[in-house]
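Source file query-v4.csv; content: CSV, C-alpha atoms.
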chain,number,residue,atom,x,y,z
A,1,MET,CA,20.5,176.5,85.4
A,2,ARG,CA,20.1,177.6,89.0
A,3,ILE,CA,16.6,179.0,89.2
A,4,ARG,CA,16.1,179.1,92.9
A,5,PRO,CA,19.1,181.3,93.9
A,6,PHE,CA,18.2,183.8,91.2
A,7,SER,CA,14.6,183.9,92.3
A,8,LYS,CA,15.5,184.3,95.9
A,9,LEU,CA,18.0,187.0,95.0
A,10,LEU,CA,15.3,188.9,93.1
A,11,CYS,CA,12.9,188.6,96.0
A,12,CYS,CA,15.6,189.8,98.4
A,13,SER,CA,16.4,192.7,96.2
A,14,ILE,CA,12.8,193.8,95.9
A,15,ALA,CA,12.3,193.5,99.6
A,16,TRP,CA,15.5,195.4,100.3
A,17,ALA,CA,14.5,198.2,97.9
A,18,ALA,CA,11.1,198.4,99.4
A,19,ARG,CA,12.5,198.6,102.9
A,20,ALA,CA,15.0,201.4,101.8
A,21,SER,CA,12.1,203.4,100.1
A,22,ALA,CA,10.0,203.1,103.2
A,23,GLU,CA,12.9,204.4,105.4
A,24,ASP,CA,13.5,207.3,103.1
A,25,LEU,CA,9.8,208.3,103.0
A,26,GLY,CA,9.4,207.9,106.7
A,27,GLY,CA,12.3,210.2,107.5
A,28,THR,CA,13.2,208.2,110.6
A,29,THR,CA,14.4,204.7,111.2
A,30,THR,CA,13.7,202.6,114.3
A,31,THR,CA,16.1,200.0,115.7
A,32,THR,CA,13.9,197.2,114.5
A,33,THR,CA,13.8,198.5,111.0
A,34,SER,CA,17.5,199.0,110.9
A,35,THR,CA,18.1,195.4,112.1
A,36,SER,CA,15.7,194.0,109.6
A,37,SER,CA,17.3,196.0,106.8
A,38,SER,CA,20.8,194.7,107.8
A,39,ALA,CA,19.4,191.1,107.8
A,40,LEU,CA,18.0,191.6,104.3
A,41,GLU,CA,21.3,193.0,103.1
A,42,ALA,CA,23.2,190.1,104.6
A,43,GLU,CA,20.9,187.6,102.9
A,44,LEU,CA,21.2,189.4,99.6
A,45,ALA,CA,25.0,189.4,99.9
A,46,GLN,CA,25.1,185.7,100.7
A,47,GLU,CA,22.9,184.8,97.7
A,48,LEU,CA,25.0,186.9,95.4
A,49,ALA,CA,28.2,185.3,96.7
A,50,ALA,CA,26.7,181.8,96.1
A,51,ILE,CA,25.9,182.6,92.5
A,52,GLN,CA,29.3,184.1,91.9
A,53,GLY,CA,31.1,181.2,93.6
A,54,ARG,CA,32.9,183.2,96.3
A,55,PRO,CA,32.6,183.5,100.1
A,56,ALA,CA,30.2,186.1,101.4
A,57,GLU,CA,31.4,189.2,103.2
A,58,ALA,CA,29.7,190.1,106.4
A,59,PRO,CA,27.9,193.5,106.5
A,60,ARG,CA,29.1,196.5,108.3
A,61,ALA,CA,27.0,198.6,110.7
A,62,GLU,CA,25.4,201.9,109.6
A,63,ASP,CA,28.2,203.9,111.3
A,64,GLY,CA,30.8,202.2,109.1
A,65,SER,CA,32.3,199.9,111.8
A,66,ALA,CA,32.5,196.2,111.2
A,67,SER,CA,30.0,194.0,112.9
A,68,ALA,CA,31.2,191.5,115.5
A,69,SER,CA,31.1,188.6,112.9
A,70,SER,CA,32.5,190.6,110.1
A,71,THR,CA,35.9,189.7,108.5
A,72,GLY,CA,35.5,191.4,105.2
A,73,ASN,CA,36.5,194.9,104.0
A,74,ALA,CA,33.3,196.1,102.3
A,75,SER,CA,30.7,198.4,103.8
A,76,SER,CA,27.0,197.7,104.0
A,77,ARG,CA,26.5,199.9,100.9
A,78,GLY,CA,29.0,197.9,98.9
A,79,LEU,CA,31.9,200.5,99.1
A,80,SER,CA,35.1,198.6,99.4
A,81,THR,CA,38.0,199.9,101.5
A,82,ALA,CA,40.6,197.8,99.6
A,83,PHE,CA,41.6,200.7,97.4
A,84,ASN,CA,42.3,203.2,100.2
A,85,PRO,CA,45.9,204.3,100.2
A,86,ALA,CA,48.3,203.2,102.9
A,87,ILE,CA,48.9,206.5,104.8
A,88,SER,CA,51.8,207.1,107.2
A,89,ALA,CA,53.4,210.1,109.0
A,90,ASN,CA,56.9,210.6,110.4
A,91,GLY,CA,57.9,213.4,112.8
A,92,ILE,CA,61.5,214.5,113.6
A,93,PHE,CA,62.4,216.9,116.5
A,94,TYR,CA,65.8,217.8,117.9
A,95,PHE,CA,67.5,220.2,120.3
A,96,GLY,CA,71.1,220.9,121.1
A,97,MET,CA,74.0,223.3,120.7
A,98,ARG,CA,76.7,224.1,118.2
A,99,SER,CA,79.8,225.9,119.3
A,100,GLY,CA,80.8,229.2,117.6
A,101,GLU,CA,77.4,229.4,115.7
A,102,THR,CA,76.2,232.8,114.4
A,103,PRO,CA,72.9,233.7,112.8
A,104,GLU,CA,74.6,233.9,109.4
A,105,ASP,CA,76.4,230.6,109.7
A,106,ASN,CA,73.6,228.2,109.2
A,107,PRO,CA,74.1,226.3,105.9
A,108,ALA,CA,71.0,224.4,104.8
A,109,GLY,CA,71.1,220.8,106.1
A,110,ASP,CA,73.1,221.7,109.2
A,111,LEU,CA,71.6,221.2,112.6
A,112,ARG,CA,71.1,224.5,114.5
A,113,SER,CA,71.3,225.4,118.1
A,114,GLY,CA,68.0,225.4,120.1
A,115,ILE,CA,64.8,223.4,119.8
A,116,HIS,CA,63.6,222.7,116.2
A,117,LEU,CA,61.2,220.8,114.1
A,118,GLN,CA,63.4,219.1,111.6
A,119,GLU,CA,60.7,217.6,109.4
A,120,VAL,CA,57.2,216.1,109.3
A,121,GLU,CA,56.6,213.7,106.4
A,122,LEU,CA,53.2,212.5,105.2
A,123,GLN,CA,53.3,209.6,102.8
A,124,ALA,CA,50.4,207.9,100.8
A,125,SER,CA,50.9,204.8,98.7
A,126,ALA,CA,48.4,202.8,96.8
A,127,ILE,CA,47.8,200.4,93.9
A,128,VAL,CA,46.1,202.5,91.3
A,129,ASP,CA,45.0,199.6,89.1
A,130,PRO,CA,46.6,196.2,88.0
A,131,TYR,CA,49.2,198.1,86.1
A,132,PHE,CA,50.4,201.1,88.2
A,133,ARG,CA,51.2,202.1,91.8
A,134,ALA,CA,51.4,205.7,93.1
A,135,ASP,CA,53.4,207.2,95.9
A,136,VAL,CA,53.1,210.7,97.2
A,137,VAL,CA,55.4,212.2,99.9
A,138,LEU,CA,54.8,215.7,101.4
A,139,THR,CA,57.3,217.2,103.8
A,140,ALA,CA,56.9,220.2,106.2
A,141,SER,CA,59.6,222.0,108.1
A,142,GLU,CA,60.3,225.4,109.6
A,143,GLU,CA,61.1,226.5,106.0
A,144,GLY,CA,57.7,225.5,104.6
A,145,VAL,CA,55.8,222.7,102.9
A,146,GLU,CA,57.0,221.0,99.7
A,147,ILE,CA,56.3,217.9,97.5
A,148,GLU,CA,59.3,215.6,98.1
A,149,GLU,CA,58.1,212.8,95.9
A,150,ALA,CA,55.1,212.1,93.7
A,151,PHE,CA,55.5,209.4,91.1
A,152,LEU,CA,53.8,206.5,89.3
A,153,SER,CA,55.4,203.1,89.0
A,154,THR,CA,54.6,200.2,86.7
A,155,LEU,CA,53.7,196.8,88.2
A,156,GLU,CA,53.4,194.2,85.4
A,157,LEU,CA,56.4,194.7,83.2
A,158,PRO,CA,58.8,191.7,83.4
A,159,ARG,CA,62.2,192.6,84.9
A,160,VAL,CA,61.6,196.3,84.4
A,161,THR,CA,60.1,199.0,86.6
A,162,VAL,CA,59.3,202.4,85.0
A,163,ARG,CA,58.7,205.4,87.1
A,164,ALA,CA,57.6,209.0,86.2
A,165,GLY,CA,57.2,212.0,88.4
A,166,GLN,CA,59.0,213.8,91.2
A,167,MET,CA,61.5,211.5,92.9
A,168,HIS,CA,64.9,211.0,94.5
A,169,ALA,CA,67.6,210.2,92.0
A,170,SER,CA,69.1,206.7,92.3
A,171,PHE,CA,72.6,208.0,92.9
A,172,GLY,CA,74.8,206.2,95.4
A,173,LYS,CA,73.5,204.9,98.7
A,174,HIS,CA,72.5,207.9,100.9
A,175,ASN,CA,70.7,210.0,98.2
A,176,ARG,CA,67.7,207.7,98.1
A,177,LEU,CA,66.9,207.9,101.8
A,178,HIS,CA,64.2,210.0,103.4
A,179,THR,CA,65.2,212.2,106.3
A,180,HIS,CA,63.6,209.9,109.0
A,181,ALA,CA,65.7,207.0,107.6
A,182,TYR,CA,69.1,208.7,107.8
A,183,PRO,CA,71.5,206.6,109.8
A,184,PHE,CA,72.7,209.8,111.6
A,185,LEU,CA,70.8,213.0,112.5
A,186,ASN,CA,71.8,214.7,109.2
A,187,GLY,CA,73.4,213.7,105.9
A,188,PRO,CA,77.1,213.0,105.4
A,189,LEU,CA,79.3,216.1,105.0
A,190,PRO,CA,80.4,215.4,101.4
A,191,TRP,CA,76.8,214.6,100.3
A,192,ARG,CA,75.5,217.9,101.7
A,193,ALA,CA,78.4,220.0,100.3
A,194,LEU,CA,78.7,218.5,96.8
A,195,LEU,CA,75.0,217.6,96.0
A,196,GLY,CA,73.2,220.3,97.9
A,197,PRO,CA,71.2,220.1,101.2
A,198,GLU,CA,68.3,218.2,99.4
A,199,GLY,CA,70.6,216.0,97.3
A,200,LEU,CA,69.6,215.0,93.8
A,201,SER,CA,65.8,215.2,93.6
A,202,ASP,CA,63.7,216.4,90.7
A,203,ALA,CA,61.0,215.6,88.2
A,204,GLY,CA,61.9,212.9,85.7
A,205,VAL,CA,61.5,209.5,84.3
A,206,SER,CA,63.3,206.3,85.5
A,207,ALA,CA,63.7,202.7,84.3
A,208,GLU,CA,65.1,199.9,86.5
A,209,LEU,CA,66.2,196.7,84.9
A,210,LEU,CA,66.8,193.5,86.8
A,211,LEU,CA,69.7,191.9,84.9
A,212,PRO,CA,69.6,188.1,84.2
A,213,LEU,CA,72.7,187.2,86.3
A,214,PRO,CA,73.3,184.5,88.9
A,215,PHE,CA,73.5,187.3,91.6
A,216,PHE,CA,71.3,190.4,92.2
A,217,ALA,CA,72.2,193.1,89.7
A,218,GLU,CA,70.0,196.1,89.0
A,219,LEU,CA,70.7,198.7,86.3
A,220,THR,CA,68.9,202.1,86.5
A,221,GLY,CA,68.7,204.8,83.8
A,222,GLN,CA,67.0,208.2,84.6
A,223,VAL,CA,66.4,211.5,82.9
A,224,PHE,CA,65.6,214.6,85.0
A,225,ARG,CA,64.6,218.2,84.5
A,226,GLY,CA,68.1,219.1,85.8
A,227,THR,CA,67.5,221.7,88.5
A,228,TRP,CA,70.2,220.2,90.7
A,229,SER,CA,72.6,222.3,92.8
A,230,PRO,CA,75.8,221.0,91.0
A,231,LEU,CA,74.3,222.1,87.6
A,232,MET,CA,73.5,225.7,88.7
A,233,GLY,CA,75.7,228.6,87.7
A,234,THR,CA,75.8,232.2,86.6
A,235,ALA,CA,73.6,231.6,83.5
A,236,PRO,CA,69.9,230.8,83.8
A,237,LYS,CA,68.9,227.2,83.4
A,238,ASN,CA,67.5,226.2,80.0
A,239,ASP,CA,64.5,223.9,80.2
A,240,ARG,CA,66.0,221.8,77.4
A,241,ASP,CA,69.2,221.2,79.4
A,242,LEU,CA,68.2,217.9,81.0
A,243,ALA,CA,70.2,215.8,83.5
A,244,TYR,CA,71.0,212.2,83.0
A,245,LEU,CA,71.9,209.4,85.4
A,246,GLY,CA,73.0,205.8,85.4
A,247,HIS,CA,73.3,203.5,88.4
A,248,LEU,CA,74.4,199.9,88.9
A,249,LYS,CA,73.6,198.1,92.2
A,250,THR,CA,74.8,194.5,93.0
A,251,LEU,CA,74.2,192.4,96.0
A,252,PHE,CA,76.2,189.3,97.0
A,253,GLU,CA,75.5,186.8,99.8
A,254,LEU,CA,78.8,186.0,101.4
A,255,SER,CA,77.3,183.7,103.9
A,256,GLU,CA,73.9,183.1,105.5
A,257,ALA,CA,74.6,186.0,107.9
A,258,THR,CA,76.6,188.3,105.7
A,259,THR,CA,75.7,190.4,102.5
A,260,LEU,CA,77.8,192.7,100.4
A,261,GLU,CA,76.4,195.5,98.3
A,262,LEU,CA,78.5,197.3,95.7
A,263,GLY,CA,77.2,200.2,93.6
A,264,GLY,CA,78.4,202.7,91.0
A,265,SER,CA,76.8,205.9,89.8
A,266,TRP,CA,77.2,208.6,87.2
A,267,ALA,CA,75.1,211.7,86.7
A,268,GLY,CA,75.7,214.7,84.4
A,269,GLY,CA,74.2,217.7,82.6
A,270,GLN,CA,74.8,221.1,81.2
A,271,ASN,CA,75.7,223.6,84.0
A,272,GLY,CA,75.2,227.3,84.3
A,273,PHE,CA,78.9,228.0,83.6
A,274,GLY,CA,78.8,226.9,80.0
A,275,GLY,CA,80.3,223.4,80.6
A,276,PHE,CA,79.1,219.9,81.3
A,277,THR,CA,79.0,218.8,84.9
A,278,SER,CA,79.9,215.1,85.7
A,279,ILE,CA,79.2,213.5,89.1
A,280,VAL,CA,80.8,210.1,89.8
A,281,GLY,CA,80.2,208.0,92.9
A,282,GLY,CA,80.9,204.6,94.3
A,283,ASP,CA,79.5,202.9,97.4
A,284,LEU,CA,80.0,199.8,99.5
A,285,THR,CA,77.8,198.3,102.2
A,286,LEU,CA,78.5,195.2,104.3
A,287,LYS,CA,75.9,193.8,106.7
A,288,TRP,CA,76.2,191.0,109.2
A,289,ARG,CA,73.3,189.5,111.2
A,290,PRO,CA,73.8,186.3,113.2
A,291,LEU,CA,70.9,184.0,112.4
A,292,GLU,CA,70.4,182.9,115.9
A,293,HIS,CA,70.3,186.5,117.3
A,294,GLU,CA,69.4,188.7,114.3
A,295,ARG,CA,67.0,190.8,116.3
A,296,ASP,CA,69.6,191.5,119.0
A,297,PHE,CA,72.9,191.9,117.3
A,298,GLY,CA,74.3,193.1,114.0
A,299,ILE,CA,76.9,195.3,112.2
A,300,ASP,CA,76.4,197.6,109.2
A,301,TRP,CA,79.5,199.1,107.6
A,302,SER,CA,78.9,201.6,104.7
A,303,SER,CA,81.3,203.8,102.7
A,304,GLU,CA,80.7,206.2,99.8
A,305,TYR,CA,82.9,208.4,97.6
A,306,LEU,CA,81.7,211.4,95.5
A,307,TYR,CA,83.5,213.4,92.8
A,308,VAL,CA,82.1,216.4,91.0
A,309,ALA,CA,83.7,218.1,88.0
A,310,ARG,CA,82.2,221.4,86.9
A,311,PRO,CA,84.1,222.9,83.9
A,312,GLY,CA,83.8,226.7,83.9
A,313,ALA,CA,83.1,227.1,87.6
A,314,PRO,CA,85.2,230.0,89.1
A,315,GLU,CA,86.1,227.8,92.1
A,316,ASP,CA,85.8,224.2,93.2
A,317,ASP,CA,85.6,223.0,89.6
A,318,LYS,CA,86.9,219.7,90.7
A,319,ILE,CA,86.2,218.5,94.2
A,320,GLY,CA,85.5,215.2,95.9
A,321,GLY,CA,84.7,213.7,99.3
A,322,ALA,CA,84.2,210.5,101.1
A,323,TYR,CA,82.7,209.1,104.3
A,324,THR,CA,82.6,205.8,106.1
A,325,SER,CA,80.2,204.8,108.9
A,326,LEU,CA,79.8,201.8,111.3
A,327,ARG,CA,76.6,200.9,113.1
A,328,TRP,CA,76.7,198.2,115.7
A,329,GLN,CA,73.6,196.9,117.4
A,330,VAL,CA,74.7,195.9,120.8
A,331,ALA,CA,71.3,194.9,122.2
A,332,THR,CA,67.7,194.6,121.1
A,333,ARG,CA,66.9,198.3,121.5
A,334,TRP,CA,70.4,199.9,121.5
A,335,TRP,CA,72.7,201.0,118.7
A,336,VAL,CA,76.2,202.5,118.8
A,337,GLN,CA,77.4,204.3,115.7
A,338,ALA,CA,80.4,206.3,114.4
A,339,ARG,CA,81.0,208.1,111.1
A,340,GLY,CA,84.0,209.9,109.7
A,341,ALA,CA,84.0,212.1,106.6
A,342,VAL,CA,86.4,214.3,104.6
A,343,LEU,CA,85.6,217.0,102.0
A,344,GLY,CA,88.4,217.9,99.6
A,345,VAL,CA,89.7,214.8,97.9
A,346,PRO,CA,91.0,216.3,95.6
A,347,ALA,CA,91.2,219.5,97.6
A,348,GLY,CA,89.9,222.8,96.3
A,349,PRO,CA,91.2,226.3,97.2
A,350,ALA,CA,89.5,226.1,100.6
A,351,GLY,CA,91.5,223.0,101.5
A,352,ARG,CA,90.1,220.0,103.3
A,353,THR,CA,87.4,219.7,105.9
A,354,TRP,CA,87.1,216.8,108.4
A,355,ARG,CA,84.1,215.7,110.4
A,356,GLY,CA,83.6,212.9,113.0
A,357,GLU,CA,80.4,211.8,114.6
A,358,GLY,CA,79.5,209.5,117.4
A,359,LEU,CA,75.9,208.4,118.2
A,360,VAL,CA,74.0,206.3,120.7
A,361,ALA,CA,70.4,205.3,119.8
A,362,PHE,CA,67.6,203.9,121.9
A,363,VAL,CA,65.1,202.1,119.6
A,364,PRO,CA,62.0,200.9,121.5
A,365,SER,CA,60.4,199.7,118.3
A,366,GLU,CA,60.4,200.3,114.5
A,367,PHE,CA,58.0,203.2,115.1
A,368,SER,CA,60.1,205.4,117.5
A,369,LEU,CA,63.7,206.2,118.4
A,370,LEU,CA,65.8,208.6,120.5
A,371,ARG,CA,69.3,209.4,119.4
A,372,LEU,CA,72.1,211.4,121.0
A,373,GLN,CA,74.9,212.6,118.7
A,374,TYR,CA,78.2,214.3,119.2
A,375,ALA,CA,80.1,215.8,116.2
A,376,TYR,CA,83.5,217.4,115.7
A,377,GLN,CA,84.3,219.3,112.6
A,378,ALA,CA,87.6,221.0,111.6
A,379,ALA,CA,88.6,222.9,108.4
A,380,GLU,CA,92.1,223.2,107.1
A,381,HIS,CA,92.0,227.1,106.8
A,382,GLU,CA,89.5,227.8,109.6
A,383,LYS,CA,89.9,228.1,113.3
A,384,PRO,CA,88.7,227.0,115.8
A,385,ALA,CA,87.1,223.6,115.3
A,386,GLY,CA,83.4,223.1,115.9
A,387,HIS,CA,81.6,220.9,118.4
A,388,GLU,CA,78.0,219.8,118.3
A,389,VAL,CA,75.7,217.9,120.7
A,390,PHE,CA,72.1,217.1,119.7
A,391,LEU,CA,69.3,214.9,120.9
A,392,GLN,CA,66.7,213.8,118.3
A,393,ALA,CA,63.3,212.1,118.6
A,394,VAL,CA,61.7,210.3,115.6
A,395,PHE,CA,58.3,208.7,115.4
A,396,SER,CA,56.3,206.9,112.7
A,397,ILE,CA,52.6,206.2,112.6
A,398,GLY,CA,50.4,204.5,110.1
A,399,SER,CA,51.1,201.9,107.4
A,400,HIS,CA,54.7,202.8,106.4
A,401,PRO,CA,56.2,201.1,103.3
A,402,ALA,CA,59.3,199.1,103.9
A,403,HIS,CA,62.6,200.9,103.2
A,404,ALA,CA,64.9,199.8,100.5
A,405,TYR,CA,67.6,197.3,101.5
Can you turn what I pasted into structure tokens?
Amino acid sequence: MRIRPFSKLLCCSIAWAARASAEDLGGTTTTTTSTSSSALEAELAQELAAIQGRPAEAPRAEDGSASASSTGNASSRGLSTAFNPAISANGIFYFGMRSGETPEDNPAGDLRSGIHLQEVELQASAIVDPYFRADVVLTASEEGVEIEEAFLSTLELPRVTVRAGQMHASFGKHNRLHTHAYPFLNGPLPWRALLGPEGLSDAGVSAELLLPLPFFAELTGQVFRGTWSPLMGTAPKNDRDLAYLGHLKTLFELSEATTLELGGSWAGGQNGFGGFTSIVGGDLTLKWRPLEHERDFGIDWSSEYLYVARPGAPEDDKIGGAYTSLRWQVATRWWVQARGAVLGVPAGPAGRTWRGEGLVAFVPSEFSLLRLQYAYQAAEHEKPAGHEVFLQAVFSIGSHPAHAY
């Protein structure tokens, strides 16, 4: 039995308590007293660490800042900062012009002429305890403030991750992205037109299962409240009419520099026209990064197809769309990108709409970027075609979690 450390620990504790009582009674604390108190606290911490068999953490100053010799993360009062959430913020601003724009012709999700705040996102993530992690994402724009995501995730279940709360649905490739992570200034034309300006996002429960296969394969099943744009209609939404989703994601290493991702998605639920809406999607992503120059060069090619069937809808009861995009990193801080999209495959009464976009991006670091985008859009039964030119600035501050691959 170790008598001396416990005795010394007791003496230090009594001395520290006496010193603290004297300071409280005196109402003021001199520099000498503060220094002596800090020394007693440090000695107390070292003895306690020796008994527990762990390295001691150096104390912090009374103002909360770490002392010159401190490498720990605990304050002088024993309050650890290890459980503070990782907090980050992203801001997106843009300005530019659209040809032929009128005040009534501003569908949600489209870029508008002038100078605008596109979005500010505040995100907090933390380990709640050994079993759960929590993520909260708040977004603010010119339209107001909303809770974009707020969900709890499990940590210790083998091969399975369960989530519950407000979240983006795991449908396709683009739907899971936050606005600041969009490859272009706004979402693809078919995604905005078929799934709504906010995509598929709602309160629900999700389970992701990593399949025991020789390659990466993840199967996701989700149940949501069902307040999605493709499920709305003339009749009010019943709270018991839920939405369901299944998603399969696979990833293959074609070489040391090349990966191929293939995915398939299905979502559905009772709609407001008395029928059952089905949404089907498929996506493909090919990435190439030369090992010897992976920070300077690379190519990403991504394509996605969406099809929505809404029985009972008066128009566009069956409509689909697709897009394909190419992003080429030509230098350490420069990207050149292009994207083409078509809405109306199969075509509805309004015919088909085509959109093409070209973009040049200057990326000083992973925390900021400037992007100049030109877009051309033409509809089969609408004249004339539209032109857009916009410049966007994006910044990120704080400890931002890594994006999904």
Contact residues around Gly246 of chain A with only C-alpha atoms at 9 Å, ignoring same-chain residues under 6 positions, as a list in words: Ser170, Phe171, Leu219, Thr220, Gly221, Gln222, Gly264, Ser265, Trp266 and Ala267 of chain A
Atom-to-atom span, atom CA of Glu101 of chain A and atom CA of Ala350 of chain A, Å: 19.6 Å
Pick from A:Phe273, A:Tyr307, A:Trp301, A:Phe367 nearest to Ser396 of chain A, counting all atoms listed in the file: A:Phe367
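Atom CA of Leu211 of chain A to atom CA of Leu245 of chain A spans 17.6 Å [interatomic distance, one decimal].
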Protein, DNA and RNA residues within 12 Å of (51.8, 201.5, 90.8), all atoms listed in the file, as number ranges by chain: A: 85, 124-136, 150-157, 161-164
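When atom CA of Arg159 of chain A is paired with atom CA of Ser278 of chain A, their separation reads 28.6 Å.
Neighbouring residues of Trp335 of chain A at 7 Å or closer, counting all atoms listed in the file and skipping chain neighbours under 6 positions away, are Arg327, Trp328, Gln329, Val360, Ala361 and Phe362 of chain A.
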Closest of A:Val336, A:Ala341, A:Leu177, A:Ala169 to Val223 of chain A - atom-to-atom distances counting all atoms listed in the file: A:Ala169
Polymer residues at most 8 Å from Val160 of chain A, all atoms listed in the file, same-chain spacing of 3 or more positions, as a PyMOL selection string: chain A and resi 157+207-210
Writing out the chosen residues with C-alpha atoms as a short mmCIF file (atom, residue, chain, number, x, y, z; two decimals), keeping the file's coordinate frame:
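part10.cif written:
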data_model
loop_
_atom_site.label_atom_id
_atom_site.label_comp_id
_atom_site.auth_asym_id
_atom_site.auth_seq_id
_atom_site.Cartn_x
_atom_site.Cartn_y
_atom_site.Cartn_z
CA LEU A 157 56.40 194.70 83.20
CA ALA A 207 63.70 202.70 84.30
CA GLU A 208 65.10 199.90 86.50
CA LEU A 209 66.20 196.70 84.90
CA LEU A 210 66.80 193.50 86.80
#
Can you tell me, as a PDB file with C-alpha atoms, in the frame of the given file, what residues are no more than 10 Å from segment 179-184 of chain A when counting all atoms listed in the file, ignoring any on the same chain fewer than 3 positions away?
ATOM      1  CA  ASN A  90      56.900 210.600 110.400  1.00  0.00           C
ATOM      2  CA  GLY A  91      57.900 213.400 112.800  1.00  0.00           C
ATOM      3  CA  ILE A  92      61.500 214.500 113.600  1.00  0.00           C
ATOM      4  CA  GLN A 118      63.400 219.100 111.600  1.00  0.00           C
ATOM      5  CA  GLU A 119      60.700 217.600 109.400  1.00  0.00           C
ATOM      6  CA  VAL A 120      57.200 216.100 109.300  1.00  0.00           C
ATOM      7  CA  GLU A 121      56.600 213.700 106.400  1.00  0.00           C
ATOM      8  CA  THR A 139      57.300 217.200 103.800  1.00  0.00           C
ATOM      9  CA  HIS A 174      72.500 207.900 100.900  1.00  0.00           C
ATOM     10  CA  ASN A 175      70.700 210.000  98.200  1.00  0.00           C
ATOM     11  CA  ARG A 176      67.700 207.700  98.100  1.00  0.00           C
ATOM     12  CA  GLY A 187      73.400 213.700 105.900  1.00  0.00           C
ATOM     13  CA  PRO A 188      77.100 213.000 105.400  1.00  0.00           C
ATOM     14  CA  GLU A 198      68.300 218.200  99.400  1.00  0.00           C
ATOM     15  CA  SER A 325      80.200 204.800 108.900  1.00  0.00           C
ATOM     16  CA  LEU A 326      79.800 201.800 111.300  1.00  0.00           C
ATOM     17  CA  ARG A 327      76.600 200.900 113.100  1.00  0.00           C
ATOM     18  CA  GLN A 337      77.400 204.300 115.700  1.00  0.00           C
ATOM     19  CA  ALA A 338      80.400 206.300 114.400  1.00  0.00           C
ATOM     20  CA  ARG A 339      81.000 208.100 111.100  1.00  0.00           C
ATOM     21  CA  GLU A 357      80.400 211.800 114.600  1.00  0.00           C
ATOM     22  CA  GLY A 358      79.500 209.500 117.400  1.00  0.00           C
ATOM     23  CA  LEU A 359      75.900 208.400 118.200  1.00  0.00           C
ATOM     24  CA  VAL A 360      74.000 206.300 120.700  1.00  0.00           C
ATOM     25  CA  ALA A 361      70.400 205.300 119.800  1.00  0.00           C
ATOM     26  CA  ARG A 371      69.300 209.400 119.400  1.00  0.00           C
ATOM     27  CA  LEU A 372      72.100 211.400 121.000  1.00  0.00           C
ATOM     28  CA  GLN A 373      74.900 212.600 118.700  1.00  0.00           C
ATOM     29  CA  GLN A 392      66.700 213.800 118.300  1.00  0.00           C
ATOM     30  CA  ALA A 393      63.300 212.100 118.600  1.00  0.00           C
ATOM     31  CA  VAL A 394      61.700 210.300 115.600  1.00  0.00           C
ATOM     32  CA  PHE A 395      58.300 208.700 115.400  1.00  0.00           C
ATOM     33  CA  SER A 396      56.300 206.900 112.700  1.00  0.00           C
ATOM     34  CA  HIS A 403      62.600 200.900 103.200  1.00  0.00           C
TER      35      HIS A 403
END
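Close contacts of Leu242 of chain A, defined as residues with an atom at most 10 Å away when counting only C-alpha atoms, with chain neighbours fewer than 5 positions off set aside, comprise Gly204, Val223, Phe224, Arg225, Gly226, Thr227, Leu231, Lys237, Gly268, Gly269, Gln270 and Asn271 of chain A.
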Residue with smallest distance to Pro346 of chain A - pool A:Ile319, A:Leu370, A:Thr259, A:Trp334, counting all atoms listed in the file: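 Residue with the minimum atom-to-atom distance to Pro346 of chain A: A:Ile319.
Nearest to Gly312 of chain A of all the residues A:Ala203, A:Ala385, A:Val280, A:Met232 is A:Met232, based on only C-alpha atoms.
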